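Student: Sharing a structure below in structure tokens format, with a few things to ask.
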Amino acid sequence: MSKNLTVTSSPHRRDSISTQKIMLMVIIALLPSVVASAIYFGGRAILLIAVCVATCVLTEFICRKLMKRNQTISDLSACVTGILLALNLPVTLPIWEAIIGSFVAIAVVKQLFGGIGQNFANPAIVGRIVLMLSFTADMTTWAIPKYYQASEGVITGATPLVSGDSSYMDLFLGNVGGCLGETSALAILIGGLFLIVMRVITPSAPISFIGTVALLTFITGGDVLYQVLAGGLLLGAFFMATDYSTTPITEKGKIIFGIGCGIITFVIRNYGGYPEGVSFSILLMNILTPYIDRLTMTKPVGAKYPEKNKEEVSK
């Protein structure tokens with residue numbers, strides 16, 4: 001038996017999973033919401049999704065070329081960003097505005113900070129917020145389901161969070177006004193459960209996020225089920241509050257992250273100037289993620305950290 005040992009840096013074991021495979025599973029999980037958006041909002045929904053995906057991929061390709069770095073468009077992360085951003089937009093949004101949001105998401109939020117894994121916030125979230133602040137009127141114009149079949153001139157209406165008059169069944173199936181991907185709770189749940197079963201995400205953040213909103217709504221006497229099904233809570237909880245790069249690593253951290261998102265969402269929904277607070281809550285908690293990781297970081301068994309020298313302390 002040879003006594004020679006080969007010393008190498010970690011990782012010492014590698015899993016067969018890759019970024020591309022993870023992103024592919026996320027895309028598969030988003031397909032039910034894409035199909036639901038096409039059913040309720042027609043061909044323009046698919047056009048908007050295609051434009052966002054194409055712009056994100058092209059922007060990433062150009063950015064990597066300009067920065068003289070290896071191309072990363074094959075990892076499908078830009079496709080995921082494009083789909084998520086589109087699902088957070090109203091179907092009537094002008095195409096050129098969707099292009100701006102996609103450019104901001106990839107060029108500013110993702111590539112400017114070094115690419116996938118190094119961005120401080122979820123690119124799709126920031127892209128949506130930039131559009132919300134820049135083009136508020138267009139971002140808050142909601143088409144009614146199957147507006148393209150309407151014989152009358154009225155094709156827009158209030159979202160369920162504003163009107164408060166939608167049935168639970170309509171909210172569950174998606175037969176309500178809103179962003180492309182947030183209307184059908186059924187489609188989102190199918191995708192979210194798929195990601196949990198495939199172990200792409202853990203249920204810690206989604207459950208704590210949704211649970212916090214539900215608990216606070218119950219305490220204040222609100223309609224718990226309505227608040228959970230309406231708006232972008234489910235989409236944000238399953239697909240954006242679970243982003244690897246911008247959410248905590250530890251399970252305790254994920255729970256803290258979800259609770260924080262839930263509190264901020266509840267406050268904005270009930271006391272803020274916007275009817276929805278999911279995007280803002282996730283962005284604010286993204287900023288706190290490094291501190292949450294530091295707070296919940298586990299100490300390796302048997303590890304000892306050197307104490308400060310008394311002379312250093314005295315200085």
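Residue names in the structure tokens use chain letters A, B, ... in the order shown, residue numbers from 1 in each chain, and ligand numbers from 1 in the order shown.
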Please list as a PyMOL selection string every residue within 7 Å of stretch 123-139 of chain A, counting only C-alpha atoms and excluding residues in the same chain fewer than 5 positions away.

Tutor: chain A and resi 81+84-85+88-90+93+101-102+104-106+109-110+279+283

Student: Leaving out A:Tyr40 and any residue of its chain fewer than 6 positions from it, which residues lie within 7 Å of it when counting only C-alpha atoms, given as a VMD selection string?

Tutor: chain A and resid 145 to 146 175

Student: Write out the residues from the selection above, keeping N, CA, C and O atoms, as a PDB file, in the first residue's frame.

Tutor:
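Output contents, as saved in again-v5.pdb:
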```pdb
ATOM      1  N   PRO A 145     -59.344  38.353 -18.394  1.00  0.00           N
ATOM      2  CA  PRO A 145     -59.107  37.069 -19.066  1.00  0.00           C
ATOM      3  C   PRO A 145     -59.830  36.993 -20.418  1.00  0.00           C
ATOM      4  O   PRO A 145     -60.982  37.423 -20.539  1.00  0.00           O
ATOM      5  N   LYS A 146     -59.129  36.501 -21.413  1.00  0.00           N
ATOM      6  CA  LYS A 146     -59.648  36.357 -22.776  1.00  0.00           C
ATOM      7  C   LYS A 146     -60.189  37.689 -23.317  1.00  0.00           C
ATOM      8  O   LYS A 146     -61.206  37.739 -24.007  1.00  0.00           O
ATOM      9  N   ASN A 175     -58.672  32.594 -13.720  1.00  0.00           N
ATOM     10  CA  ASN A 175     -59.634  33.353 -14.524  1.00  0.00           C
ATOM     11  C   ASN A 175     -59.847  34.760 -13.952  1.00  0.00           C
ATOM     12  O   ASN A 175     -60.966  35.176 -13.669  1.00  0.00           O
TER      13      ASN A 175
END
```

Student: Where does stretch 122-182 of chain A meet stretch 210-224 of chain A within 12 Å, residue by residue, with the nearest atom pair and distance in Å to one decimal for each, counting only C-alpha atoms, listed by chain and rising number, as a tab-separated table?

Tutor:
```
residue	atom	partner	partner_atom	distance
A:Leu161	CA	A:Asp223	CA	11.1
A:Gly164	CA	A:Asp223	CA	9.9
A:Asp165	CA	A:Asp223	CA	11.7
A:Ser167	CA	A:Asp223	CA	12.0
A:Tyr168	CA	A:Asp223	CA	10.8
```

Student: Store the residues of this selection in a file with all heavy atoms, as a short mmCIF file (atom, residue, chain, number, x, y, z; two decimals), in the first residue's frame.

Tutor:
```cif
data_model
loop_
_atom_site.label_atom_id
_atom_site.label_comp_id
_atom_site.auth_asym_id
_atom_site.auth_seq_id
_atom_site.Cartn_x
_atom_site.Cartn_y
_atom_site.Cartn_z
N LEU A 161 -56.54 41.77 -5.97
CA LEU A 161 -56.13 42.43 -4.73
C LEU A 161 -56.77 43.80 -4.59
O LEU A 161 -56.99 44.29 -3.48
CB LEU A 161 -54.59 42.56 -4.69
CG LEU A 161 -53.82 41.31 -4.28
CD1 LEU A 161 -52.33 41.57 -4.38
CD2 LEU A 161 -54.19 40.87 -2.88
N GLY A 164 -61.09 42.81 -4.98
CA GLY A 164 -61.53 42.00 -3.86
C GLY A 164 -62.81 41.23 -4.10
O GLY A 164 -63.44 40.76 -3.15
N ASP A 165 -63.24 41.08 -5.35
CA ASP A 165 -64.53 40.45 -5.63
C ASP A 165 -64.43 39.17 -6.46
O ASP A 165 -65.43 38.69 -6.99
CB ASP A 165 -65.44 41.44 -6.36
CG ASP A 165 -64.84 41.96 -7.66
OD1 ASP A 165 -63.72 41.54 -8.01
OD2 ASP A 165 -65.49 42.79 -8.33
N SER A 167 -63.86 35.11 -7.12
CA SER A 167 -64.17 33.89 -6.38
C SER A 167 -62.88 33.09 -6.15
O SER A 167 -61.90 33.24 -6.88
CB SER A 167 -65.18 33.04 -7.14
OG SER A 167 -64.60 32.53 -8.33
N TYR A 168 -62.92 32.23 -5.14
CA TYR A 168 -61.76 31.39 -4.86
C TYR A 168 -61.43 30.50 -6.06
O TYR A 168 -60.26 30.28 -6.37
CB TYR A 168 -62.02 30.51 -3.64
CG TYR A 168 -62.16 31.28 -2.35
CD1 TYR A 168 -63.10 30.90 -1.39
CD2 TYR A 168 -61.34 32.37 -2.06
CE1 TYR A 168 -63.23 31.60 -0.20
CE2 TYR A 168 -61.46 33.07 -0.88
CZ TYR A 168 -62.41 32.69 0.05
OH TYR A 168 -62.53 33.38 1.23
#
```

Student: Could you check the closest approach to A:Ala187 for each of A:Pro32, A:Pro248, A:Gly117, A:Gly43 and tell me which residue wins, using only C-alpha atoms?

Tutor: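 Among the listed residues, the smallest separation from A:Ala187 belongs to A:Pro32.
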
Student: Would you mind telling me which residue in A:Val91, A:Ile99, A:Met240, A:Val80 lies nearest to A:Ala38 when using only C-alpha atoms?

Tutor: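 Smallest distance to A:Ala38 is found for A:Val91.
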
Student: Just the alpha helix (DSSP H) stuff from stretch 59-233 of chain A, please, per backbone DSSP, written as a PyMOL selection string.

Tutor: chain A and resi 59-66+77-87+95-103+123-134+136-139+160-163+168-173+185-197+204-219+224-229+233

Student: For A:Ile196, find every residue with an atom within 10 Å (counting only C-alpha atoms), except residues of its own chain fewer than 6 positions away, and show them as a list in words.

Tutor: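 Here the answer would be Thr202, Pro203 and Phe238 of chain A.
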
Student: Grab the residues selected above and save them as a compact mmCIF listing (two decimals), in the first residue's frame with all heavy atoms.

Tutor:
```txt
# COMPACT_ATOMS: atom_id res chain seq x y z
N THR A 202 -35.99 23.69 -1.58
CA THR A 202 -36.57 23.16 -0.35
C THR A 202 -37.80 23.98 -0.02
O THR A 202 -37.89 25.15 -0.42
CB THR A 202 -35.57 23.24 0.81
OG1 THR A 202 -35.24 24.61 1.06
CG2 THR A 202 -34.29 22.47 0.49
N PRO A 203 -38.75 23.42 0.71
CA PRO A 203 -39.99 24.15 1.00
C PRO A 203 -39.87 25.20 2.10
O PRO A 203 -40.85 25.88 2.39
CB PRO A 203 -40.95 23.03 1.40
CG PRO A 203 -40.08 21.97 1.97
CD PRO A 203 -38.80 22.02 1.17
N PHE A 238 -42.40 30.54 -4.62
CA PHE A 238 -41.84 29.30 -5.17
C PHE A 238 -40.70 29.54 -6.16
O PHE A 238 -39.78 28.72 -6.25
CB PHE A 238 -42.94 28.48 -5.85
CG PHE A 238 -43.82 27.73 -4.90
CD1 PHE A 238 -45.11 28.16 -4.64
CD2 PHE A 238 -43.35 26.61 -4.24
CE1 PHE A 238 -45.93 27.48 -3.75
CE2 PHE A 238 -44.16 25.91 -3.35
CZ PHE A 238 -45.45 26.35 -3.09
```

Student: At what distance in Å, to one decimal, does atom CA of A:Gly115 lie from atom CA of A:Arg64?

Tutor: 8.9 Å

Student: Write out as a ChimeraX atom specification the residues lying within 9 Å of A:Cys261, counting only C-alpha atoms and excluding same-chain residues fewer than 2 positions away.

Tutor: /A:208-210,212-213,237,241,256-259,263-266,277-278,280-285

Student: Could you tell me how far atom CA of A:Asn122 sits from atom CA of A:Gly178, in Å to one decimal place?

Tutor: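 Computed distance, atom CA of A:Gly178 to atom CA of A:Asn122, equals 21.0 Å.
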